[in-house]
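Heads up, query.pdb below (PDB, C-alpha atoms and all ligand atoms):
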ATOM      1  CA  MET C  29      23.401   2.877  -7.038  1.00  0.00           C
ATOM      2  CA  THR C  30      21.458  -0.399  -7.195  1.00  0.00           C
ATOM      3  CA  VAL C  31      18.020  -0.062  -5.674  1.00  0.00           C
ATOM      4  CA  SER C  32      16.946  -3.107  -3.677  1.00  0.00           C
ATOM      5  CA  ARG C  33      14.920  -1.798  -0.721  1.00  0.00           C
ATOM      6  CA  VAL C  34      11.911   0.209  -1.787  1.00  0.00           C
ATOM      7  CA  LEU C  35       8.896   1.721  -0.002  1.00  0.00           C
ATOM      8  CA  LEU C  36       5.667   2.661  -1.721  1.00  0.00           C
ATOM      9  CA  LEU C  37       3.622   5.398  -0.031  1.00  0.00           C
ATOM     10  CA  GLY C  38       0.304   6.895  -1.052  1.00  0.00           C
ATOM     11  CA  PRO C  39      -3.268   7.493   0.102  1.00  0.00           C
ATOM     12  CA  PRO C  40      -5.980   4.806  -0.266  1.00  0.00           C
ATOM     13  CA  ALA C  41      -6.700   3.979  -3.944  1.00  0.00           C
ATOM     14  CA  SER C  42      -3.650   5.882  -5.204  1.00  0.00           C
ATOM     15  CA  GLY C  43      -2.525   2.824  -7.190  1.00  0.00           C
ATOM     16  CA  LYS C  44       0.002   1.355  -4.740  1.00  0.00           C
ATOM     17  CA  GLY C  45      -1.070  -2.248  -5.400  1.00  0.00           C
ATOM     18  CA  THR C  46      -0.775  -1.873  -9.191  1.00  0.00           C
ATOM     19  CA  GLN C  47       2.625  -0.208  -8.990  1.00  0.00           C
ATOM     20  CA  ALA C  48       3.802  -2.723  -6.379  1.00  0.00           C
ATOM     21  CA  ARG C  49       3.271  -5.462  -8.984  1.00  0.00           C
ATOM     22  CA  HIS C  50       5.249  -3.438 -11.534  1.00  0.00           C
ATOM     23  CA  LEU C  51       8.069  -2.698  -9.083  1.00  0.00           C
ATOM     24  CA  THR C  52       8.327  -6.287  -7.866  1.00  0.00           C
ATOM     25  CA  ALA C  53       9.035  -7.447 -11.414  1.00  0.00           C
ATOM     26  CA  LEU C  54      11.355  -4.507 -12.095  1.00  0.00           C
ATOM     27  CA  VAL C  55      13.513  -4.680  -8.977  1.00  0.00           C
ATOM     28  CA  ASN C  56      13.064  -8.455  -8.608  1.00  0.00           C
ATOM     29  CA  VAL C  57      12.594  -8.547  -4.851  1.00  0.00           C
ATOM     30  CA  PRO C  58       9.861 -10.037  -2.636  1.00  0.00           C
ATOM     31  CA  CYS C  59       6.929  -7.723  -1.883  1.00  0.00           C
ATOM     32  CA  LEU C  60       4.848  -7.284   1.255  1.00  0.00           C
ATOM     33  CA  GLY C  61       1.542  -5.383   1.063  1.00  0.00           C
ATOM     34  CA  THR C  62       0.637  -4.924   4.719  1.00  0.00           C
ATOM     35  CA  GLY C  63      -3.064  -4.266   3.960  1.00  0.00           C
ATOM     36  CA  LYS C  64      -3.236  -7.348   1.752  1.00  0.00           C
ATOM     37  CA  LEU C  65      -1.565  -9.530   4.372  1.00  0.00           C
ATOM     38  CA  LEU C  66      -3.918  -8.233   7.076  1.00  0.00           C
ATOM     39  CA  ARG C  67      -6.966  -9.021   4.903  1.00  0.00           C
ATOM     40  CA  SER C  68      -5.680 -12.554   4.375  1.00  0.00           C
ATOM     41  CA  GLU C  69      -5.106 -12.970   8.148  1.00  0.00           C
ATOM     42  CA  ILE C  70      -8.731 -11.864   8.703  1.00  0.00           C
ATOM     43  CA  GLU C  71      -9.973 -14.340   6.075  1.00  0.00           C
ATOM     44  CA  LYS C  72      -8.009 -17.161   7.737  1.00  0.00           C
ATOM     45  CA  GLY C  73      -9.323 -16.155  11.182  1.00  0.00           C
ATOM     46  CA  THR C  74      -5.849 -15.940  12.774  1.00  0.00           C
ATOM     47  CA  GLU C  75      -5.115 -14.128  16.048  1.00  0.00           C
ATOM     48  CA  VAL C  76      -3.549 -11.208  14.119  1.00  0.00           C
ATOM     49  CA  GLY C  77      -6.623 -11.079  11.877  1.00  0.00           C
ATOM     50  CA  LYS C  78      -8.950 -10.994  14.890  1.00  0.00           C
ATOM     51  CA  GLN C  79      -6.984  -8.139  16.461  1.00  0.00           C
ATOM     52  CA  ALA C  80      -6.878  -6.132  13.216  1.00  0.00           C
ATOM     53  CA  GLU C  81     -10.420  -6.655  11.916  1.00  0.00           C
ATOM     54  CA  GLN C  82     -12.278  -3.922  13.785  1.00  0.00           C
ATOM     55  CA  PHE C  83      -9.629  -1.278  13.077  1.00  0.00           C
ATOM     56  CA  ILE C  84      -9.648  -2.066   9.359  1.00  0.00           C
ATOM     57  CA  SER C  85     -13.407  -2.076   8.910  1.00  0.00           C
ATOM     58  CA  ASN C  86     -13.649   1.270  10.736  1.00  0.00           C
ATOM     59  CA  GLY C  87     -10.957   2.690   8.447  1.00  0.00           C
ATOM     60  CA  GLU C  88      -8.542   3.146  11.364  1.00  0.00           C
ATOM     61  CA  TYR C  89      -4.866   2.276  11.293  1.00  0.00           C
ATOM     62  CA  VAL C  90      -3.936  -0.989  12.975  1.00  0.00           C
ATOM     63  CA  PRO C  91      -1.752  -0.370  16.090  1.00  0.00           C
ATOM     64  CA  ASP C  92       1.961   0.127  15.345  1.00  0.00           C
ATOM     65  CA  GLN C  93       3.108  -2.788  17.507  1.00  0.00           C
ATOM     66  CA  LEU C  94       0.915  -5.312  15.700  1.00  0.00           C
ATOM     67  CA  ILE C  95       2.106  -4.071  12.297  1.00  0.00           C
ATOM     68  CA  MET C  96       5.761  -4.018  13.373  1.00  0.00           C
ATOM     69  CA  ASP C  97       5.589  -7.604  14.659  1.00  0.00           C
ATOM     70  CA  MET C  98       4.026  -8.694  11.375  1.00  0.00           C
ATOM     71  CA  VAL C  99       6.613  -6.885   9.212  1.00  0.00           C
ATOM     72  CA  LYS C 100       9.544  -8.122  11.330  1.00  0.00           C
ATOM     73  CA  SER C 101       8.416 -11.723  11.068  1.00  0.00           C
ATOM     74  CA  TRP C 102       7.920 -11.336   7.275  1.00  0.00           C
ATOM     75  CA  LEU C 103      11.436  -9.864   6.893  1.00  0.00           C
ATOM     76  CA  ASN C 104      12.968 -12.626   9.017  1.00  0.00           C
ATOM     77  CA  GLU C 105      11.138 -15.593   7.519  1.00  0.00           C
ATOM     78  CA  ASP C 106      13.387 -15.832   4.450  1.00  0.00           C
ATOM     79  CA  PRO C 107      17.136 -15.039   4.224  1.00  0.00           C
ATOM     80  CA  GLN C 108      16.607 -13.778   0.628  1.00  0.00           C
ATOM     81  CA  LYS C 109      14.947 -10.699   2.133  1.00  0.00           C
ATOM     82  CA  SER C 110      18.268  -9.473   3.486  1.00  0.00           C
ATOM     83  CA  ASP C 111      19.118  -8.763  -0.196  1.00  0.00           C
ATOM     84  CA  GLY C 112      16.089  -6.553  -0.766  1.00  0.00           C
ATOM     85  CA  TRP C 113      12.345  -6.051  -0.478  1.00  0.00           C
ATOM     86  CA  LEU C 114       9.434  -3.917  -1.512  1.00  0.00           C
ATOM     87  CA  LEU C 115       7.031  -2.708   1.163  1.00  0.00           C
ATOM     88  CA  ASP C 116       3.624  -1.523  -0.053  1.00  0.00           C
ATOM     89  CA  GLY C 117       1.655   0.495   2.515  1.00  0.00           C
ATOM     90  CA  PHE C 118       4.308   0.349   5.221  1.00  0.00           C
ATOM     91  CA  PRO C 119       5.419   2.398   7.102  1.00  0.00           C
ATOM     92  CA  ARG C 120       2.377   4.577   7.625  1.00  0.00           C
ATOM     93  CA  THR C 121       3.415   6.348  10.836  1.00  0.00           C
ATOM     94  CA  LEU C 122       6.645   7.906  12.137  1.00  0.00           C
ATOM     95  CA  PRO C 123       7.103   5.253  14.866  1.00  0.00           C
ATOM     96  CA  GLN C 124       6.820   2.559  12.135  1.00  0.00           C
ATOM     97  CA  ALA C 125       9.410   4.380   9.976  1.00  0.00           C
ATOM     98  CA  GLU C 126      11.787   4.742  12.907  1.00  0.00           C
ATOM     99  CA  ALA C 127      11.379   1.078  13.855  1.00  0.00           C
ATOM    100  CA  LEU C 128      12.087   0.005  10.257  1.00  0.00           C
ATOM    101  CA  GLN C 129      15.180   2.226  10.157  1.00  0.00           C
ATOM    102  CA  GLU C 130      16.603   0.227  13.072  1.00  0.00           C
ATOM    103  CA  ILE C 131      16.198  -3.086  11.228  1.00  0.00           C
ATOM    104  CA  SER C 132      16.858  -2.300   7.559  1.00  0.00           C
ATOM    105  CA  GLN C 133      17.176   1.049   5.733  1.00  0.00           C
ATOM    106  CA  PRO C 134      15.242   1.758   2.512  1.00  0.00           C
ATOM    107  CA  ASP C 135      17.207   2.948  -0.552  1.00  0.00           C
ATOM    108  CA  LEU C 136      14.246   4.632  -2.209  1.00  0.00           C
ATOM    109  CA  VAL C 137      10.757   5.821  -1.222  1.00  0.00           C
ATOM    110  CA  ILE C 138       8.187   6.385  -3.971  1.00  0.00           C
ATOM    111  CA  ALA C 139       5.160   8.491  -3.045  1.00  0.00           C
ATOM    112  CA  LEU C 140       2.062   8.494  -5.276  1.00  0.00           C
ATOM    113  CA  ASP C 141       0.248  11.807  -5.164  1.00  0.00           C
ATOM    114  CA  VAL C 142      -3.506  11.832  -5.943  1.00  0.00           C
ATOM    115  CA  PRO C 143      -6.036  14.505  -4.793  1.00  0.00           C
ATOM    116  CA  LYS C 144      -8.916  13.520  -2.504  1.00  0.00           C
ATOM    117  CA  GLU C 145     -11.651  14.052  -5.147  1.00  0.00           C
ATOM    118  CA  ASN C 146      -9.991  11.556  -7.530  1.00  0.00           C
ATOM    119  CA  LEU C 147      -9.540   9.052  -4.696  1.00  0.00           C
ATOM    120  CA  GLU C 148     -13.230   9.220  -3.747  1.00  0.00           C
ATOM    121  CA  ARG C 149     -14.200   8.453  -7.340  1.00  0.00           C
ATOM    122  CA  ARG C 150     -11.750   5.540  -7.498  1.00  0.00           C
ATOM    123  CA  ILE C 151     -12.939   4.115  -4.171  1.00  0.00           C
ATOM    124  CA  LEU C 152     -16.575   4.091  -5.332  1.00  0.00           C
ATOM    125  CA  MET C 153     -15.603   2.174  -8.497  1.00  0.00           C
ATOM    126  CA  ARG C 154     -13.043  -0.203  -6.957  1.00  0.00           C
ATOM    127  CA  ARG C 155     -13.988  -3.893  -6.752  1.00  0.00           C
ATOM    128  CA  GLU C 156     -12.159  -7.079  -5.784  1.00  0.00           C
ATOM    129  CA  CYS C 157     -12.771 -10.449  -7.357  1.00  0.00           C
ATOM    130  CA  SER C 158     -13.163 -13.214  -4.790  1.00  0.00           C
ATOM    131  CA  SER C 159     -12.324 -15.842  -7.474  1.00  0.00           C
ATOM    132  CA  CYS C 160      -9.093 -14.546  -9.052  1.00  0.00           C
ATOM    133  CA  HIS C 161      -8.297 -11.850  -6.421  1.00  0.00           C
ATOM    134  CA  SER C 162      -7.828  -9.105  -9.038  1.00  0.00           C
ATOM    135  CA  THR C 163      -8.567  -5.503  -8.108  1.00  0.00           C
ATOM    136  CA  VAL C 164     -10.478  -3.773 -10.902  1.00  0.00           C
ATOM    137  CA  ALA C 165     -12.212  -0.468 -11.627  1.00  0.00           C
ATOM    138  CA  VAL C 166     -15.807  -0.911 -12.808  1.00  0.00           C
ATOM    139  CA  GLU C 167     -17.581   1.606 -15.018  1.00  0.00           C
ATOM    140  CA  ASN C 168     -21.007   0.729 -13.723  1.00  0.00           C
ATOM    141  CA  SER C 169     -21.498   0.364  -9.960  1.00  0.00           C
ATOM    142  CA  GLU C 170     -23.926  -2.591 -10.505  1.00  0.00           C
ATOM    143  CA  GLN C 171     -21.286  -4.672 -12.326  1.00  0.00           C
ATOM    144  CA  VAL C 172     -20.558  -8.047 -10.665  1.00  0.00           C
ATOM    145  CA  GLU C 173     -18.736  -9.829 -13.529  1.00  0.00           C
ATOM    146  CA  CYS C 174     -14.946  -9.787 -13.217  1.00  0.00           C
ATOM    147  CA  PRO C 175     -13.315  -8.498 -16.438  1.00  0.00           C
ATOM    148  CA  VAL C 176     -10.255 -10.684 -15.731  1.00  0.00           C
ATOM    149  CA  CYS C 177     -11.779 -14.144 -15.045  1.00  0.00           C
ATOM    150  CA  ASN C 178     -15.485 -13.531 -15.980  1.00  0.00           C
ATOM    151  CA  ALA C 179     -16.754 -14.975 -12.681  1.00  0.00           C
ATOM    152  CA  GLU C 180     -19.682 -13.052 -11.185  1.00  0.00           C
ATOM    153  CA  THR C 181     -17.824 -12.491  -7.951  1.00  0.00           C
ATOM    154  CA  LEU C 182     -16.921  -8.800  -7.808  1.00  0.00           C
ATOM    155  CA  THR C 183     -17.446  -7.187  -4.411  1.00  0.00           C
ATOM    156  CA  SER C 184     -16.415  -3.940  -2.704  1.00  0.00           C
ATOM    157  CA  ARG C 185     -13.889  -4.029   0.117  1.00  0.00           C
ATOM    158  CA  SER C 186     -15.717  -3.402   3.404  1.00  0.00           C
ATOM    159  CA  ASP C 187     -13.361  -0.485   4.153  1.00  0.00           C
ATOM    160  CA  ASP C 188     -14.136   1.091   0.762  1.00  0.00           C
ATOM    161  CA  ALA C 189     -17.448   2.439   2.104  1.00  0.00           C
ATOM    162  CA  ILE C 190     -17.257   6.217   1.784  1.00  0.00           C
ATOM    163  CA  GLU C 191     -17.427   6.732   5.601  1.00  0.00           C
ATOM    164  CA  SER C 192     -14.411   4.428   6.123  1.00  0.00           C
ATOM    165  CA  PHE C 193     -12.588   6.113   3.269  1.00  0.00           C
ATOM    166  CA  LYS C 194     -12.982   9.509   4.970  1.00  0.00           C
ATOM    167  CA  VAL C 195     -11.405   8.142   8.166  1.00  0.00           C
ATOM    168  CA  ARG C 196      -8.611   6.430   6.199  1.00  0.00           C
ATOM    169  CA  TYR C 197      -7.857   9.621   4.289  1.00  0.00           C
ATOM    170  CA  ALA C 198      -7.851  11.761   7.455  1.00  0.00           C
ATOM    171  CA  ASN C 199      -5.452   9.291   9.093  1.00  0.00           C
ATOM    172  CA  TYR C 200      -3.246   9.347   6.012  1.00  0.00           C
ATOM    173  CA  LYS C 201      -3.049  13.141   6.143  1.00  0.00           C
ATOM    174  CA  GLU C 202      -2.382  13.284   9.867  1.00  0.00           C
ATOM    175  CA  LEU C 203      -0.149  10.250  10.443  1.00  0.00           C
ATOM    176  CA  THR C 204       1.465   9.336   7.102  1.00  0.00           C
ATOM    177  CA  THR C 205       2.285  12.662   5.420  1.00  0.00           C
ATOM    178  CA  PRO C 206       4.902  13.497   8.137  1.00  0.00           C
ATOM    179  CA  LEU C 207       6.920  10.664   6.543  1.00  0.00           C
ATOM    180  CA  PHE C 208       7.458  12.864   3.486  1.00  0.00           C
ATOM    181  CA  ASP C 209       9.663  15.234   5.519  1.00  0.00           C
ATOM    182  CA  TYR C 210      11.331  12.281   7.257  1.00  0.00           C
ATOM    183  CA  TYR C 211      12.429  10.666   3.968  1.00  0.00           C
ATOM    184  CA  THR C 212      13.101  13.982   2.181  1.00  0.00           C
ATOM    185  CA  ALA C 213      15.636  14.720   4.930  1.00  0.00           C
ATOM    186  CA  LYS C 214      17.311  11.394   4.067  1.00  0.00           C
ATOM    187  CA  GLY C 215      17.347  12.363   0.365  1.00  0.00           C
ATOM    188  CA  ILE C 216      15.486   9.231  -0.773  1.00  0.00           C
ATOM    189  CA  LEU C 217      11.899  10.440  -1.421  1.00  0.00           C
ATOM    190  CA  ARG C 218      10.600  10.722  -4.996  1.00  0.00           C
ATOM    191  CA  ASN C 219       7.054  12.010  -5.715  1.00  0.00           C
ATOM    192  CA  ILE C 220       4.997  10.889  -8.698  1.00  0.00           C
ATOM    193  CA  ASP C 221       1.729  12.347 -10.015  1.00  0.00           C
ATOM    194  CA  GLY C 222      -0.571   9.357  -9.438  1.00  0.00           C
ATOM    195  CA  THR C 223      -3.451  10.848 -11.454  1.00  0.00           C
ATOM    196  CA  GLN C 224      -1.660   9.752 -14.650  1.00  0.00           C
ATOM    197  CA  SER C 225      -2.514   6.422 -16.302  1.00  0.00           C
ATOM    198  CA  PRO C 226      -0.986   3.354 -14.576  1.00  0.00           C
ATOM    199  CA  ASP C 227       1.391   2.905 -17.548  1.00  0.00           C
ATOM    200  CA  LYS C 228       2.658   6.471 -17.255  1.00  0.00           C
ATOM    201  CA  VAL C 229       3.178   6.086 -13.511  1.00  0.00           C
ATOM    202  CA  SER C 230       5.110   2.846 -14.161  1.00  0.00           C
ATOM    203  CA  ALA C 231       7.233   4.611 -16.796  1.00  0.00           C
ATOM    204  CA  GLU C 232       8.131   7.339 -14.282  1.00  0.00           C
ATOM    205  CA  ILE C 233       9.050   4.671 -11.758  1.00  0.00           C
ATOM    206  CA  ASP C 234      11.348   3.052 -14.353  1.00  0.00           C
ATOM    207  CA  GLN C 235      13.024   6.400 -14.952  1.00  0.00           C
ATOM    208  CA  ILE C 236      13.537   7.026 -11.237  1.00  0.00           C
ATOM    209  CA  ILE C 237      15.047   3.560 -10.712  1.00  0.00           C
ATOM    210  CA  ASN C 238      17.358   3.970 -13.714  1.00  0.00           C
ATOM    211  CA  GLN C 239      18.601   7.371 -12.587  1.00  0.00           C
ATOM    212  CA  PHE C 240      18.918   6.571  -8.901  1.00  0.00           C
TER     213      PHE C 240
HETATM  214  P1  LIG M   1      -4.435  -1.020   2.270  1.00  0.00           P
HETATM  215  O1  LIG M   1      -4.790  -2.309   1.606  1.00  0.00           O
HETATM  216  O2  LIG M   1      -2.990  -0.666   2.098  1.00  0.00           O
HETATM  217  O3  LIG M   1      -5.357   0.092   1.867  1.00  0.00           O
HETATM  218  O4  LIG M   1      -4.644  -1.240   3.840  1.00  0.00           O
HETATM  219  C1  LIG M   1      -5.909  -1.583   4.368  1.00  0.00           C
HETATM  220  C2  LIG M   1      -5.956  -1.289   5.857  1.00  0.00           C
HETATM  221  O5  LIG M   1      -4.977  -2.083   6.548  1.00  0.00           O
HETATM  222  C3  LIG M   1      -5.634   0.145   6.245  1.00  0.00           C
HETATM  223  O6  LIG M   1      -6.733   1.019   6.104  1.00  0.00           O
HETATM  224  C4  LIG M   1      -5.219  -0.046   7.708  1.00  0.00           C
HETATM  225  O7  LIG M   1      -6.353  -0.258   8.522  1.00  0.00           O
HETATM  226  C5  LIG M   1      -4.464  -1.366   7.671  1.00  0.00           C
HETATM  227  N1  LIG M   1      -3.023  -1.149   7.457  1.00  0.00           N
HETATM  228  C6  LIG M   1      -2.291  -1.566   6.385  1.00  0.00           C
HETATM  229  N2  LIG M   1      -1.004  -1.207   6.521  1.00  0.00           N
HETATM  230  C7  LIG M   1      -0.918  -0.531   7.702  1.00  0.00           C
HETATM  231  C8  LIG M   1       0.143   0.113   8.403  1.00  0.00           C
HETATM  232  N3  LIG M   1       1.391   0.145   7.907  1.00  0.00           N
HETATM  233  N4  LIG M   1      -0.139   0.690   9.600  1.00  0.00           N
HETATM  234  C9  LIG M   1      -1.390   0.656  10.118  1.00  0.00           C
HETATM  235  N5  LIG M   1      -2.442   0.081   9.507  1.00  0.00           N
HETATM  236  C10 LIG M   1      -2.214  -0.521   8.308  1.00  0.00           C
END

Just give me the structure of the file as structure tokens.
Amino acid sequence: MTVSRVLLLGPPASGKGTQARHLTALVNVPCLGTGKLLRSEIEKGTEVGKQAEQFISNGEYVPDQLIMDMVKSWLNEDPQKSDGWLLDGFPRTLPQAEALQEISQPDLVIALDVPKENLERRILMRRECSSCHSTVAVENSEQVECPVCNAETLTSRSDDAIESFKVRYANYKELTTPLFDYYTAKGILRNIDGTQSPDKVSAEIDQIINQF
């Protein structure tokens, strides 16, 4: 079977963004990262951004309706998306999954599995570069120089504070993990050990896609 509609699930800092880049090139479909799009709406000061801002900085999920409207308009804005897509960080709740099922059904759901202790470590070391927009892991928490573009513009995401992370993780456990049963019942869920190196995770993804 050709895979053209893919979902990427996983807790915060499980490597979804990195693997989304890999999958986009592999499957050759447009990708929507809902968290990334929300951050850009906040930066631009749009109505959606204003509605989402407080939820995101507190580590809470943005309301389902707001997310669904955003995803629907992304899916409808380009006819190419009827041929396939990759959704990174969506759906995150059962109502979102059920709403998506009514519009367009995923072929494959990849879930990255990483224990809480590893995630906490990754969150503390995660930085974003405001010049080249890379996400990097620093070895020293004082580091401000971006290893990709060398600009001294590394900052932490506001929702990467440890208090916000705890709320995000608790929400993931309560609201997102029920999706595992939902997609297992459809026979399309594949779990990957996300504690492996990014290259190993990508290699497992390749294998899954090839055997699907
Ligand atoms: P991420 O970049 O995927 O970690 O997402 C950052 C934040 O955006 C999350 O902590 C949520 O507040 C919000 N968000 C992103 N995607 C969703 C979603 N599908 N449902 C609800 N909130 C979301």

Notebook entry, point to check: Given the choices C:Ile190, C:Cys157, C:Leu60, C:Ile220, which gets closest to Asn178 (chain C) if the distance is worked out from all atoms listed in the file?
Noted result: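 Among the listed residues, C:Cys157 lies closest to Asn178 (chain C).
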
Next item on the list: Name the residues that the PyMOL selection byres (((chain C and resi 154) around 7) and not hetatm) picks from the file above, as a list in words, using the file's chain letters and numbers.
Entry: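 When the PyMOL selection byres (((chain C and resi 154) around 7) and not hetatm) is applied, the selected residues are Arg150, Ile151, Leu152, Met153, Arg155, Val164, Ala165, Val166 and Ser184 of chain C.
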
Take the PyMOL selection byres (((not hetatm)) within 8 of (chain M and resi 1)), apply it to the structure above, and return the hits as a compact mmCIF listing (two decimals) with C-alpha atoms, in the frame of the given file.
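So selection24.txt came out as:
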# COMPACT_ATOMS: atom_id res chain seq x y z
CA PRO C 39 -3.27 7.49 0.10
CA PRO C 40 -5.98 4.81 -0.27
CA ALA C 41 -6.70 3.98 -3.94
CA LYS C 44 0.00 1.36 -4.74
CA GLY C 45 -1.07 -2.25 -5.40
CA GLY C 61 1.54 -5.38 1.06
CA THR C 62 0.64 -4.92 4.72
CA GLY C 63 -3.06 -4.27 3.96
CA LYS C 64 -3.24 -7.35 1.75
CA LEU C 66 -3.92 -8.23 7.08
CA ARG C 67 -6.97 -9.02 4.90
CA ALA C 80 -6.88 -6.13 13.22
CA PHE C 83 -9.63 -1.28 13.08
CA ILE C 84 -9.65 -2.07 9.36
CA SER C 85 -13.41 -2.08 8.91
CA ASN C 86 -13.65 1.27 10.74
CA GLY C 87 -10.96 2.69 8.45
CA GLU C 88 -8.54 3.15 11.36
CA TYR C 89 -4.87 2.28 11.29
CA VAL C 90 -3.94 -0.99 12.98
CA PRO C 91 -1.75 -0.37 16.09
CA ASP C 92 1.96 0.13 15.34
CA ILE C 95 2.11 -4.07 12.30
CA ASP C 116 3.62 -1.52 -0.05
CA GLY C 117 1.66 0.50 2.52
CA PHE C 118 4.31 0.35 5.22
CA PRO C 119 5.42 2.40 7.10
CA ARG C 120 2.38 4.58 7.62
CA THR C 121 3.42 6.35 10.84
CA GLN C 124 6.82 2.56 12.14
CA ASP C 187 -13.36 -0.48 4.15
CA ARG C 196 -8.61 6.43 6.20

Item checked: Expected selection from the PyMOL selection byres (((chain C and resi 208) around 12) and not hetatm), given as a PyMOL selection string -> chain C and resi 35-38+119-122+125+137-141+200-207+209-219

Next item on the list: To one decimal in Å, tell me the separation between CA of Arg49 (chain C) and CA of Ser159 (chain C).
Entry: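 Interatomic distance here is 18.8 Å.
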
Note to self: I'd like the interatomic distance between CA of Val229 (chain C) and CA of Thr30 (chain C), to a tenth of an Å.
What the structure shows: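 About the pair CA of Val229 (chain C) and CA of Thr30 (chain C): they are 20.4 Å apart.
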
Check: At what distance in Å, to one decimal, does CA of Arg33 (chain C) lie from CA of Leu103 (chain C)?
Finding: 11.6 Å

Please complete region 103-109 of chain C so it has all heavy atoms, and hand it over as a PDB file, keeping the file's coordinate frame.
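Output (selection_23.pdb):
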ATOM      1  N   LEU C 103      10.047 -10.131   7.333  1.00  0.00           N
ATOM      2  CA  LEU C 103      11.436  -9.864   6.893  1.00  0.00           C
ATOM      3  C   LEU C 103      12.377 -10.989   7.330  1.00  0.00           C
ATOM      4  O   LEU C 103      13.339 -11.304   6.639  1.00  0.00           O
ATOM      5  CB  LEU C 103      11.934  -8.534   7.485  1.00  0.00           C
ATOM      6  CG  LEU C 103      11.394  -7.257   6.831  1.00  0.00           C
ATOM      7  CD1 LEU C 103      11.796  -6.026   7.638  1.00  0.00           C
ATOM      8  CD2 LEU C 103      11.872  -7.111   5.390  1.00  0.00           C
ATOM      9  N   ASN C 104      12.050 -11.606   8.486  1.00  0.00           N
ATOM     10  CA  ASN C 104      12.968 -12.626   9.017  1.00  0.00           C
ATOM     11  C   ASN C 104      12.686 -14.028   8.513  1.00  0.00           C
ATOM     12  O   ASN C 104      13.471 -14.942   8.754  1.00  0.00           O
ATOM     13  CB  ASN C 104      12.889 -12.650  10.561  1.00  0.00           C
ATOM     14  CG  ASN C 104      13.521 -11.398  11.130  1.00  0.00           C
ATOM     15  OD1 ASN C 104      14.429 -10.848  10.526  1.00  0.00           O
ATOM     16  ND2 ASN C 104      13.024 -10.939  12.271  1.00  0.00           N
ATOM     17  N   GLU C 105      11.522 -14.214   7.817  1.00  0.00           N
ATOM     18  CA  GLU C 105      11.138 -15.593   7.519  1.00  0.00           C
ATOM     19  C   GLU C 105      11.928 -16.185   6.346  1.00  0.00           C
ATOM     20  O   GLU C 105      11.844 -17.374   6.094  1.00  0.00           O
ATOM     21  CB  GLU C 105       9.619 -15.705   7.280  1.00  0.00           C
ATOM     22  CG  GLU C 105       9.154 -15.269   5.907  1.00  0.00           C
ATOM     23  CD  GLU C 105       7.642 -15.086   5.839  1.00  0.00           C
ATOM     24  OE1 GLU C 105       6.972 -15.294   6.856  1.00  0.00           O
ATOM     25  OE2 GLU C 105       7.152 -14.735   4.766  1.00  0.00           O
ATOM     26  N   ASP C 106      12.707 -15.346   5.642  1.00  0.00           N
ATOM     27  CA  ASP C 106      13.387 -15.832   4.450  1.00  0.00           C
ATOM     28  C   ASP C 106      14.699 -15.051   4.288  1.00  0.00           C
ATOM     29  O   ASP C 106      14.667 -13.826   4.167  1.00  0.00           O
ATOM     30  CB  ASP C 106      12.424 -15.564   3.272  1.00  0.00           C
ATOM     31  CG  ASP C 106      13.019 -15.914   1.938  1.00  0.00           C
ATOM     32  OD1 ASP C 106      14.199 -16.276   1.893  1.00  0.00           O
ATOM     33  OD2 ASP C 106      12.283 -15.801   0.946  1.00  0.00           O
ATOM     34  N   PRO C 107      15.848 -15.741   4.290  1.00  0.00           N
ATOM     35  CA  PRO C 107      17.136 -15.039   4.224  1.00  0.00           C
ATOM     36  C   PRO C 107      17.296 -14.195   2.964  1.00  0.00           C
ATOM     37  O   PRO C 107      18.034 -13.214   2.952  1.00  0.00           O
ATOM     38  CB  PRO C 107      18.174 -16.164   4.238  1.00  0.00           C
ATOM     39  CG  PRO C 107      17.432 -17.437   4.255  1.00  0.00           C
ATOM     40  CD  PRO C 107      15.977 -17.187   4.370  1.00  0.00           C
ATOM     41  N   GLN C 108      16.544 -14.540   1.886  1.00  0.00           N
ATOM     42  CA  GLN C 108      16.607 -13.778   0.628  1.00  0.00           C
ATOM     43  C   GLN C 108      16.247 -12.301   0.864  1.00  0.00           C
ATOM     44  O   GLN C 108      16.702 -11.413   0.157  1.00  0.00           O
ATOM     45  CB  GLN C 108      15.631 -14.403  -0.372  1.00  0.00           C
ATOM     46  CG  GLN C 108      15.814 -13.913  -1.804  1.00  0.00           C
ATOM     47  CD  GLN C 108      14.504 -14.012  -2.599  1.00  0.00           C
ATOM     48  OE1 GLN C 108      13.579 -14.725  -2.212  1.00  0.00           O
ATOM     49  NE2 GLN C 108      14.426 -13.295  -3.697  1.00  0.00           N
ATOM     50  N   LYS C 109      15.413 -12.075   1.902  1.00  0.00           N
ATOM     51  CA  LYS C 109      14.947 -10.699   2.133  1.00  0.00           C
ATOM     52  C   LYS C 109      16.040  -9.783   2.665  1.00  0.00           C
ATOM     53  O   LYS C 109      15.863  -8.577   2.700  1.00  0.00           O
ATOM     54  CB  LYS C 109      13.730 -10.715   3.048  1.00  0.00           C
ATOM     55  CG  LYS C 109      12.519 -11.243   2.317  1.00  0.00           C
ATOM     56  CD  LYS C 109      11.369 -11.515   3.223  1.00  0.00           C
ATOM     57  CE  LYS C 109      10.308 -12.313   2.504  1.00  0.00           C
ATOM     58  NZ  LYS C 109       9.444 -13.046   3.428  1.00  0.00           N
TER      59      LYS C 109
END
